[in-house]
file my_file_6.txt (compact mmCIF, C-alpha atoms)
# COMPACT_ATOMS: atom_id res chain seq x y z
CA MET A 1080 91.21 165.20 89.41
CA CYS A 1081 91.49 161.70 88.00
CA ALA A 1082 91.57 158.74 90.38
CA GLU A 1083 94.86 156.89 90.37
CA LYS A 1084 94.68 153.74 88.27
CA ALA A 1085 95.10 150.56 90.33
CA ASN A 1086 97.99 148.34 89.38
CA PRO A 1087 96.96 144.84 88.24
CA LEU A 1088 98.09 141.89 90.29
CA PRO A 1089 101.38 140.39 89.06
CA SER A 1090 100.92 137.24 86.98
CA HIS A 1091 103.31 135.24 89.16
CA PHE A 1092 101.19 136.16 92.21
CA LEU A 1093 98.01 134.89 90.52
CA LYS A 1094 99.73 131.71 89.33
CA ARG A 1095 100.97 130.94 92.84
CA ARG A 1096 97.49 131.40 94.26
CA MET A 1097 95.88 129.24 91.58
CA HIS A 1098 98.55 126.58 92.09
CA SER A 1099 97.76 126.38 95.81
CA LEU A 1100 93.99 126.45 95.17
CA LEU A 1101 94.24 123.51 92.78
CA GLY A 1102 96.30 121.68 95.41
CA VAL A 1103 93.48 122.11 97.94
CA TRP A 1104 90.94 120.75 95.44
CA LEU A 1105 93.13 117.67 94.84
CA SER A 1106 93.52 117.18 98.60
CA ILE A 1107 89.72 117.12 98.99
CA PHE A 1108 89.56 114.47 96.27
CA LEU A 1109 92.32 112.51 98.04
CA LEU A 1110 90.26 112.46 101.24
CA GLU A 1111 87.19 111.11 99.41
CA HIS A 1112 89.21 108.66 97.30
CA LEU A 1113 91.06 107.07 100.21
CA PHE A 1114 87.93 106.93 102.37
CA THR A 1115 86.20 104.96 99.62
CA ASN A 1116 89.21 102.70 99.21
CA SER A 1117 89.41 102.07 102.95
CA THR A 1118 86.06 100.28 102.84
CA ALA A 1119 87.68 97.57 100.67
CA ALA A 1120 89.36 96.32 103.85
CA LEU A 1121 85.94 95.53 105.40
CA TYR A 1122 85.51 92.36 103.33
CA PHE A 1123 85.20 90.05 106.34
CA ARG A 1124 82.42 92.19 107.81
CA ASP A 1125 80.27 92.91 104.74
CA SER A 1126 81.80 90.95 101.84
CA GLY A 1127 82.98 94.21 100.27
CA SER A 1128 79.45 95.59 99.88
CA SER A 1129 80.33 99.06 101.27
CA PHE A 1130 83.19 99.49 98.80
CA ILE A 1131 81.15 98.08 95.92
CA ARG A 1132 78.19 100.38 96.64
CA LEU A 1133 80.37 103.52 96.83
CA VAL A 1134 82.30 102.66 93.65
CA ASN A 1135 79.07 101.90 91.77
CA GLN A 1136 77.66 105.29 92.82
CA ILE A 1137 80.75 107.04 91.47
CA HIS A 1138 80.72 104.97 88.26
CA GLU A 1139 77.09 105.90 87.63
CA THR A 1140 77.86 109.64 87.73
CA PRO A 1141 76.46 111.27 84.56
CA PHE A 1142 79.14 112.25 82.04
CA LEU A 1143 81.79 110.58 84.19
CA ILE A 1144 84.55 110.93 81.59
CA VAL A 1145 83.92 114.70 81.42
CA VAL A 1146 84.03 114.93 85.21
CA GLU A 1147 87.30 112.97 85.31
CA VAL A 1148 88.96 115.15 82.67
CA VAL A 1149 87.69 118.57 83.80
CA PHE A 1150 87.74 118.13 87.57
CA LEU A 1151 90.63 115.67 88.04
CA ALA A 1152 92.97 115.33 85.05
CA PHE A 1153 93.11 119.03 84.12
CA PRO A 1154 93.67 120.32 87.71
CA PHE A 1155 96.34 117.67 88.30
CA VAL A 1156 98.22 118.45 85.07
CA LEU A 1157 98.10 122.19 85.71
CA HIS A 1158 99.14 121.82 89.37
CA ALA A 1159 101.94 119.42 88.40
CA LEU A 1160 103.31 121.64 85.62
CA TRP A 1161 103.37 124.73 87.84
CA GLY A 1162 104.84 122.63 90.64
CA ILE A 1163 107.66 121.34 88.43
CA TYR A 1164 108.48 124.92 87.43
CA TYR A 1165 108.55 126.06 91.07
CA LEU A 1166 110.57 122.99 91.99
CA TRP A 1167 113.40 123.98 89.66
CA THR A 1168 113.26 127.73 90.31
CA ALA A 1169 113.04 127.63 94.13
CA LYS A 1170 115.84 126.68 96.52
CA GLN A 1171 115.40 124.63 99.69
CA ASN A 1172 117.28 125.75 102.78
CA SER A 1173 117.18 122.80 105.15
CA MET A 1174 120.17 120.87 103.78
CA VAL A 1175 123.42 121.66 102.01
CA VAL A 1176 123.45 120.52 98.37
CA SER A 1177 126.36 122.64 97.14
CA LYS A 1178 129.02 124.82 98.77
CA HIS A 1179 127.02 127.93 97.87
CA ASP A 1180 123.98 126.82 99.89
CA VAL A 1181 123.04 128.16 103.30
CA ALA A 1182 121.19 125.56 105.36
CA LEU A 1183 118.98 126.21 108.39
CA PRO A 1184 117.74 122.71 109.28
CA GLN A 1185 116.82 123.70 112.86
CA TYR A 1186 113.59 125.29 111.62
CA LYS A 1187 110.69 122.88 111.12
CA ARG A 1188 109.13 124.90 108.32
CA ASN A 1189 112.38 124.76 106.34
CA ARG A 1190 112.36 120.97 106.60
CA ALA A 1191 108.65 120.85 105.66
CA TYR A 1192 109.37 123.05 102.64
CA THR A 1193 112.07 120.63 101.49
CA TRP A 1194 109.88 117.58 102.01
CA GLN A 1195 107.09 119.28 100.07
CA ARG A 1196 109.46 119.36 97.08
CA ILE A 1197 110.77 115.83 97.62
CA THR A 1198 107.26 114.36 97.79
CA ALA A 1199 106.31 116.30 94.64
CA MET A 1200 109.13 114.61 92.71
CA PHE A 1201 107.86 111.22 93.89
CA LEU A 1202 104.17 111.91 93.40
CA VAL A 1203 104.16 113.04 89.76
CA PRO A 1204 105.41 109.70 88.32
CA ALA A 1205 103.56 107.72 91.04
CA ILE A 1206 100.19 109.27 90.16
CA LEU A 1207 100.74 108.78 86.44
CA LEU A 1208 101.58 105.09 87.00
CA HIS A 1209 98.61 104.68 89.36
CA VAL A 1210 96.22 106.15 86.79
CA TYR A 1211 97.62 103.93 84.05
CA HIS A 1212 97.47 100.85 86.31
CA MET A 1213 93.92 101.28 87.61
CA ARG A 1214 92.22 103.43 84.96
CA PHE A 1215 93.59 101.71 81.84
CA TYR A 1216 95.54 98.48 82.39
CA ARG A 1217 93.20 97.02 85.03
CA TYR A 1218 90.01 98.84 84.08
CA PRO A 1219 87.07 96.38 83.94
CA LEU A 1220 85.83 95.47 80.47
CA GLU A 1221 82.06 95.97 80.24
CA GLU A 1222 80.12 93.17 78.63
CA GLY A 1223 76.42 93.05 77.79
CA ASP A 1224 73.71 92.96 80.48
CA HIS A 1225 75.82 94.77 83.15
CA GLN A 1226 78.61 92.21 83.28
CA TYR A 1227 82.22 93.24 83.83
CA VAL A 1228 85.31 91.18 83.09
CA VAL A 1229 88.70 91.59 84.79
CA ARG A 1230 91.98 89.68 84.63
CA VAL A 1231 93.48 88.63 87.94
CA TYR A 1232 96.14 86.23 89.14
CA ASP A 1233 94.79 82.92 90.33
CA ASP A 1234 95.12 81.85 93.98
CA LYS A 1235 93.58 79.29 96.33
CA ALA A 1236 90.83 81.58 97.62
CA LEU A 1237 89.93 83.30 94.35
CA GLN A 1238 87.06 80.98 93.43
CA GLY A 1239 85.36 81.53 96.79
CA VAL A 1240 85.84 85.31 96.67
CA VAL A 1241 84.40 85.56 93.14
CA GLU A 1242 81.38 83.47 94.13
CA LYS A 1243 80.86 85.63 97.22
CA LEU A 1244 80.83 88.65 94.92
CA GLN A 1245 78.15 86.84 92.84
CA GLY A 1246 80.49 86.41 89.90
CA ARG A 1247 82.20 83.51 88.15
CA LEU A 1248 85.57 82.53 86.78
CA LEU A 1249 85.41 82.09 83.04
CA PRO A 1250 86.53 78.69 81.76
CA THR A 1251 89.86 78.54 79.97
CA THR A 1252 88.06 77.39 76.81
CA VAL A 1253 86.39 80.79 76.47
CA GLU A 1254 88.00 83.09 73.89
CA PRO A 1255 90.12 85.55 75.94
CA LYS A 1256 88.62 89.05 76.08
CA MET A 1257 91.91 90.48 77.35
CA HIS A 1258 95.56 89.60 76.95
CA LEU A 1259 96.41 87.21 79.78
CA GLU A 1260 99.81 86.97 81.41
CA LYS A 1261 101.09 83.74 82.90
CA GLY A 1262 99.02 82.78 85.95
CA GLN A 1263 96.13 85.11 85.12
CA VAL A 1264 92.48 84.14 84.71
CA LEU A 1265 89.34 86.01 83.70
CA ALA A 1266 86.59 86.74 86.19
CA GLU A 1267 83.11 88.00 85.30
CA LEU A 1268 81.35 90.16 87.92
CA PRO A 1269 77.81 91.59 88.08
CA SER A 1270 78.83 95.22 88.77
CA PHE A 1271 81.65 97.65 88.16
CA GLY A 1272 82.21 97.95 91.92
CA ALA A 1273 82.62 94.19 92.36
CA ALA A 1274 85.08 94.04 89.45
CA THR A 1275 87.04 96.96 90.93
CA TYR A 1276 87.13 95.26 94.33
CA LEU A 1277 88.66 92.16 92.74
CA ASN A 1278 91.27 94.37 91.04
CA VAL A 1279 92.15 96.03 94.37
CA ARG A 1280 92.45 92.64 96.06
CA ASP A 1281 94.65 91.37 93.24
CA THR A 1282 96.92 94.43 93.43
CA PHE A 1283 97.48 94.14 97.16
CA LYS A 1284 98.27 90.45 97.08
CA SER A 1285 101.81 91.59 96.26
CA PRO A 1286 103.98 92.73 99.23
CA ALA A 1287 105.97 94.93 96.82
CA MET A 1288 102.79 96.76 95.72
CA VAL A 1289 101.73 97.07 99.36
CA LEU A 1290 105.00 98.82 100.23
CA LEU A 1291 104.98 101.06 97.13
CA TYR A 1292 101.37 102.14 97.66
CA SER A 1293 102.07 102.76 101.37
CA LEU A 1294 104.84 105.21 100.40
CA PHE A 1295 102.45 106.71 97.85
CA VAL A 1296 99.75 107.31 100.46
CA VAL A 1297 102.13 108.82 103.04
CA ALA A 1298 103.71 111.13 100.45
CA ALA A 1299 100.33 112.23 99.06
CA ALA A 1300 98.85 112.91 102.51
CA PHE A 1301 101.86 114.95 103.62
CA HIS A 1302 102.07 116.90 100.35
CA GLY A 1303 98.36 117.63 100.27
CA PHE A 1304 97.81 118.76 103.84
CA ASN A 1305 101.13 120.48 104.41
CA GLY A 1306 100.13 122.37 101.27
CA LEU A 1307 96.73 123.13 102.82
CA TRP A 1308 98.47 124.74 105.80
CA THR A 1309 100.50 127.04 103.54
CA PHE A 1310 97.39 127.73 101.42
CA LEU A 1311 95.60 129.15 104.46
CA ILE A 1312 98.51 131.53 105.04
CA SER A 1313 99.02 132.60 101.43
CA TRP A 1314 95.29 133.26 100.95
CA GLY A 1315 95.15 135.38 104.12
CA VAL A 1316 92.91 133.01 106.11
CA THR A 1317 95.38 132.49 108.97
CA ILE A 1318 97.30 135.73 109.60
CA SER A 1319 98.25 135.56 113.27
CA ARG A 1320 100.69 133.10 114.83
CA ARG A 1321 97.86 131.75 117.00
CA ALA A 1322 95.65 131.07 113.95
CA GLN A 1323 98.55 129.37 112.18
CA ASN A 1324 99.22 127.13 115.16
CA TRP A 1325 95.56 126.09 115.31
CA SER A 1326 95.43 125.46 111.58
CA LYS A 1327 98.54 123.30 111.93
CA VAL A 1328 96.67 121.11 114.41
CA VAL A 1329 93.71 120.80 112.02
CA THR A 1330 95.77 120.12 108.88
CA ASN A 1331 98.03 117.63 110.69
CA GLY A 1332 94.91 115.86 111.97
CA LEU A 1333 93.51 115.65 108.43
CA MET A 1334 96.89 114.43 107.20
CA LEU A 1335 96.89 111.58 109.74
CA LEU A 1336 93.25 110.75 108.97
CA VAL A 1337 93.94 110.46 105.24
CA MET A 1338 97.06 108.38 105.91
CA ALA A 1339 94.97 106.08 108.11
CA PHE A 1340 92.30 105.67 105.40
CA GLY A 1341 94.92 104.87 102.77
CA LEU A 1342 97.05 102.52 104.85
CA PHE A 1343 93.96 100.72 106.13
CA SER A 1344 92.78 100.11 102.57
CA ILE A 1345 96.20 98.73 101.59
CA TRP A 1346 97.19 96.68 104.63
CA GLY A 1347 93.63 95.65 105.49
CA THR A 1348 93.13 94.26 102.00
CA TYR A 1349 96.51 92.54 102.13
CA TRP A 1350 95.76 90.84 105.47
CA THR A 1351 92.32 89.83 104.17
CA PHE A 1352 94.08 88.00 101.34
CA VAL A 1353 96.59 86.42 103.75
CA PHE A 1354 93.85 85.07 106.02
CA GLN A 1355 91.81 83.88 103.04
CA THR A 1356 94.65 81.72 101.74
call {"tool": "encode", "arguments": {"input": "my_file_6.txt", "output": "structure tokens"}}
result
Amino acid sequence: MCAEKANPLPSHFLKRRMHSLLGVWLSIFLLEHLFTNSTAALYFRDSGSSFIRLVNQIHETPFLIVVEVVFLAFPFVLHALWGIYYLWTAKQNSMVVSKHDVALPQYKRNRAYTWQRITAMFLVPAILLHVYHMRFYRYPLEEGDHQYVVRVYDDKALQGVVEKLQGRLLPTTVEPKMHLEKGQVLAELPSFGAATYLNVRDTFKSPAMVLLYSLFVVAAAFHGFNGLWTFLISWGVTISRRAQNWSKVVTNGLMLLVMAFGLFSIWGTYWTFVFQT
């Protein structure tokens, strides 16, 4: 008697599980990324050395461009594309959008499901703009002998900050290495981390950028760690109601921790600039 042939798992089931798994991987990266960024706010204590050391270690990773493409860009693109598909094929049930909708806003998980979709719509363009801003537009230009050049907007404290980072402002007579906008100057720094720190400081001199990045951090932390809670259920890790309640405490705690790292990096850097000037 022949054994009954097992049915293969449906493709939509596998895609859903891979989508959630990629989301967990990106949440782990978010935790590391915002922890590193939070050390930029410690300028008054250590002149940015903690941030500079961590960024230099990352920058010195062998085959960094391969790591960025394979372990960051590809998972993000795949997760985003699947997410956009699910966004348009799924229906939220915590608010009435049309007369055919049935809303049950009294349930917290319904509201969380809706906010998961809302934050996704915000995060896709926000992440793309962030990558362009920091990885391309503001990316330090490497010169010979481990020197890095960045363009930043001039301010009263800039000269002192650059000197504290063991760099120098290039004289205006030097042939520009980058296109300069009005009010911008070139600074030459002795390491990639120092140049990146100056870029972060320059970004968060703007109250508008502070507010936009604050929304970015809150949305990313909620999306990532609310997604982690549902991942644990969908992968069969937390089956019972008791396990789900405990995992909610853990994932909410991680969500708040990541928000704290991100907001500290933004507002701490901003207040550092305010006190410097």
call {"tool": "closest_residue", "arguments": {"input": "my_file_6.txt", "among": "A:Trp1104, A:Phe1114, A:Tyr1164, A:Tyr1122", "to": "Val1240 of chain A", "atoms": "all atoms listed in the file"}}
result
A:Tyr1122
call {"tool": "atom_distance", "arguments": {"input": "my_file_6.txt", "atom1": "atom CA of Arg1124 of chain A", "atom2": "atom CA of Phe1352 of chain A"}}
result
14.0 Å
call {"tool": "closest_residue", "arguments": {"input": "my_file_6.txt", "among": "A:Asn1305, A:Asn1331, A:Trp1346, A:Val1316", "to": "Leu1290 of chain A", "atoms": "only C-alpha atoms"}}
result
A:Trp1346
call {"tool": "atom_distance", "arguments": {"input": "my_file_6.txt", "atom1": "atom CA of Thr1351 of chain A", "atom2": "atom CA of Ala1299 of chain A"}}
result
24.3 Å
call {"tool": "atom_distance", "arguments": {"input": "my_file_6.txt", "atom1": "atom CA of Arg1196 of chain A", "atom2": "atom CA of Leu1093 of chain A"}}
result
20.4 Å
call {"tool": "closest_residue", "arguments": {"input": "my_file_6.txt", "among": "A:Phe1354, A:Trp1325, A:Tyr1227, A:Phe1108", "to": "Phe1271 of chain A", "atoms": "all atoms listed in the file"}}
result
A:Tyr1227
call {"tool": "closest_residue", "arguments": {"input": "my_file_6.txt", "among": "A:Gly1341, A:Gly1272, A:Pro1087, A:Gly1306", "to": "Leu1110 of chain A", "atoms": "only C-alpha atoms"}}
result
A:Gly1341
call {"tool": "closest_residue", "arguments": {"input": "my_file_6.txt", "among": "A:Ser1173, A:Gln1136, A:Gln1245, A:Thr1282", "to": "Leu1268 of chain A", "atoms": "all atoms listed in the file"}}
result
A:Gln1245
call {"tool": "closest_residue", "arguments": {"input": "my_file_6.txt", "among": "A:Leu1143, A:Val1264, A:Leu1311, A:Val1231", "to": "Ser1326 of chain A", "atoms": "only C-alpha atoms"}}
result
A:Leu1311
call {"tool": "residues_near_point", "arguments": {"input": "my_file_6.txt", "point": "(81.6, 95.8, 99.4)", "cutoff": "8 Å", "atoms": "only C-alpha atoms", "output": "MDAnalysis selection string"}}
result
chainID A and resid 1118:1119 1121:1122 1125:1132 1272:1273 1276
call {"tool": "write_last_selection", "arguments": {"input": "my_file_6.txt", "atoms": "C-alpha atoms", "output": "mmCIF file, keeping the file's coordinate frame"}}
result
data_model
loop_
_atom_site.group_PDB
_atom_site.id
_atom_site.type_symbol
_atom_site.label_atom_id
_atom_site.label_comp_id
_atom_site.auth_asym_id
_atom_site.auth_seq_id
_atom_site.Cartn_x
_atom_site.Cartn_y
_atom_site.Cartn_z
ATOM 1 C CA THR A 1118 86.060 100.280 102.840
ATOM 2 C CA ALA A 1119 87.680 97.570 100.670
ATOM 3 C CA LEU A 1121 85.940 95.530 105.400
ATOM 4 C CA TYR A 1122 85.510 92.360 103.330
ATOM 5 C CA ASP A 1125 80.270 92.910 104.740
ATOM 6 C CA SER A 1126 81.800 90.950 101.840
ATOM 7 C CA GLY A 1127 82.980 94.210 100.270
ATOM 8 C CA SER A 1128 79.450 95.590 99.880
ATOM 9 C CA SER A 1129 80.330 99.060 101.270
ATOM 10 C CA PHE A 1130 83.190 99.490 98.800
ATOM 11 C CA ILE A 1131 81.150 98.080 95.920
ATOM 12 C CA ARG A 1132 78.190 100.380 96.640
ATOM 13 C CA GLY A 1272 82.210 97.950 91.920
ATOM 14 C CA ALA A 1273 82.620 94.190 92.360
ATOM 15 C CA TYR A 1276 87.130 95.260 94.330
#
call {"tool": "decode", "arguments": {"input": "my_file_6.txt", "residues": "segment 1100-1140 of chain A", "atoms": "N, CA and C atoms", "output": "short mmCIF file (atom, residue, chain, number, x, y, z; two decimals), in the first residue's frame"}}
result
data_model
loop_
_atom_site.label_atom_id
_atom_site.label_comp_id
_atom_site.auth_asym_id
_atom_site.auth_seq_id
_atom_site.Cartn_x
_atom_site.Cartn_y
_atom_site.Cartn_z
N LEU A 1100 9.69 36.95 8.31
CA LEU A 1100 11.07 36.66 8.71
C LEU A 1100 12.01 37.78 8.29
N LEU A 1101 11.83 38.30 7.09
CA LEU A 1101 12.64 39.43 6.63
C LEU A 1101 12.40 40.65 7.51
N GLY A 1102 11.14 40.83 7.95
CA GLY A 1102 10.83 41.95 8.84
C GLY A 1102 11.58 41.86 10.16
N VAL A 1103 11.71 40.65 10.69
CA VAL A 1103 12.46 40.46 11.94
C VAL A 1103 13.93 40.81 11.73
N TRP A 1104 14.50 40.35 10.60
CA TRP A 1104 15.90 40.66 10.30
C TRP A 1104 16.11 42.17 10.23
N LEU A 1105 15.21 42.89 9.58
CA LEU A 1105 15.33 44.34 9.48
C LEU A 1105 15.14 45.02 10.84
N SER A 1106 14.34 44.43 11.70
CA SER A 1106 14.17 44.99 13.05
C SER A 1106 15.44 44.84 13.87
N ILE A 1107 16.14 43.72 13.70
CA ILE A 1107 17.43 43.53 14.39
C ILE A 1107 18.43 44.59 13.91
N PHE A 1108 18.46 44.81 12.60
CA PHE A 1108 19.34 45.86 12.07
C PHE A 1108 18.94 47.23 12.63
N LEU A 1109 17.65 47.50 12.74
CA LEU A 1109 17.19 48.78 13.27
C LEU A 1109 17.69 48.99 14.69
N LEU A 1110 17.65 47.95 15.51
CA LEU A 1110 18.16 48.04 16.88
C LEU A 1110 19.63 48.41 16.90
N GLU A 1111 20.43 47.72 16.07
CA GLU A 1111 21.88 48.02 16.02
C GLU A 1111 22.13 49.41 15.47
N HIS A 1112 21.41 49.77 14.42
CA HIS A 1112 21.62 51.05 13.74
C HIS A 1112 21.33 52.22 14.66
N LEU A 1113 20.20 52.16 15.36
CA LEU A 1113 19.82 53.28 16.23
C LEU A 1113 20.65 53.31 17.51
N PHE A 1114 21.13 52.15 17.97
CA PHE A 1114 22.05 52.17 19.11
C PHE A 1114 23.34 52.89 18.74
N THR A 1115 23.88 52.57 17.55
CA THR A 1115 25.09 53.25 17.09
C THR A 1115 24.85 54.74 16.96
N ASN A 1116 23.73 55.11 16.35
CA ASN A 1116 23.43 56.53 16.16
C ASN A 1116 23.24 57.27 17.48
N SER A 1117 22.72 56.56 18.50
CA SER A 1117 22.48 57.23 19.78
C SER A 1117 23.76 57.73 20.42
N THR A 1118 24.90 57.09 20.10
CA THR A 1118 26.17 57.52 20.69
C THR A 1118 26.64 58.86 20.13
N ALA A 1119 26.02 59.31 19.01
CA ALA A 1119 26.37 60.62 18.47
C ALA A 1119 25.98 61.74 19.42
N ALA A 1120 24.99 61.46 20.30
CA ALA A 1120 24.53 62.48 21.24
C ALA A 1120 25.44 62.61 22.46
N LEU A 1121 26.51 61.81 22.52
CA LEU A 1121 27.42 61.85 23.66
C LEU A 1121 28.62 62.76 23.40
N TYR A 1122 28.47 63.70 22.49
CA TYR A 1122 29.59 64.55 22.09
C TYR A 1122 30.23 65.27 23.27
N PHE A 1123 29.41 65.81 24.18
CA PHE A 1123 29.95 66.58 25.30
C PHE A 1123 30.79 65.71 26.23
N ARG A 1124 30.45 64.40 26.29
CA ARG A 1124 31.18 63.51 27.20
C ARG A 1124 32.47 63.00 26.60
N ASP A 1125 32.43 62.60 25.29
CA ASP A 1125 33.61 61.96 24.72
C ASP A 1125 33.99 62.50 23.34
N SER A 1126 33.50 63.70 23.01
CA SER A 1126 33.81 64.34 21.73
C SER A 1126 33.43 63.46 20.52
N GLY A 1127 32.41 62.65 20.70
CA GLY A 1127 31.93 61.81 19.60
C GLY A 1127 32.75 60.56 19.36
N SER A 1128 33.70 60.24 20.25
CA SER A 1128 34.61 59.13 19.97
C SER A 1128 33.89 57.78 19.93
N SER A 1129 32.85 57.60 20.75
CA SER A 1129 32.11 56.32 20.74
C SER A 1129 31.44 56.11 19.39
N PHE A 1130 30.75 57.13 18.91
CA PHE A 1130 30.09 57.05 17.61
C PHE A 1130 31.12 56.83 16.50
N ILE A 1131 32.19 57.58 16.53
CA ILE A 1131 33.21 57.49 15.48
C ILE A 1131 33.84 56.10 15.46
N ARG A 1132 34.12 55.54 16.63
CA ARG A 1132 34.73 54.20 16.70
C ARG A 1132 33.78 53.15 16.12
N LEU A 1133 32.50 53.20 16.50
CA LEU A 1133 31.54 52.21 16.02
C LEU A 1133 31.34 52.32 14.51
N VAL A 1134 31.22 53.55 14.00
CA VAL A 1134 31.03 53.73 12.56
C VAL A 1134 32.26 53.28 11.79
N ASN A 1135 33.45 53.57 12.31
CA ASN A 1135 34.68 53.12 11.64
C ASN A 1135 34.74 51.59 11.57
N GLN A 1136 34.32 50.92 12.65
CA GLN A 1136 34.32 49.46 12.66
C GLN A 1136 33.40 48.90 11.58
N ILE A 1137 32.23 49.52 11.44
CA ILE A 1137 31.29 49.08 10.41
C ILE A 1137 31.86 49.36 9.02
N HIS A 1138 32.45 50.54 8.84
CA HIS A 1138 32.98 50.93 7.53
C HIS A 1138 34.14 50.04 7.10
N GLU A 1139 34.85 49.47 8.06
CA GLU A 1139 35.99 48.61 7.75
C GLU A 1139 35.59 47.15 7.53
N THR A 1140 34.30 46.87 7.54
CA THR A 1140 33.83 45.50 7.28
C THR A 1140 34.27 45.05 5.88
#
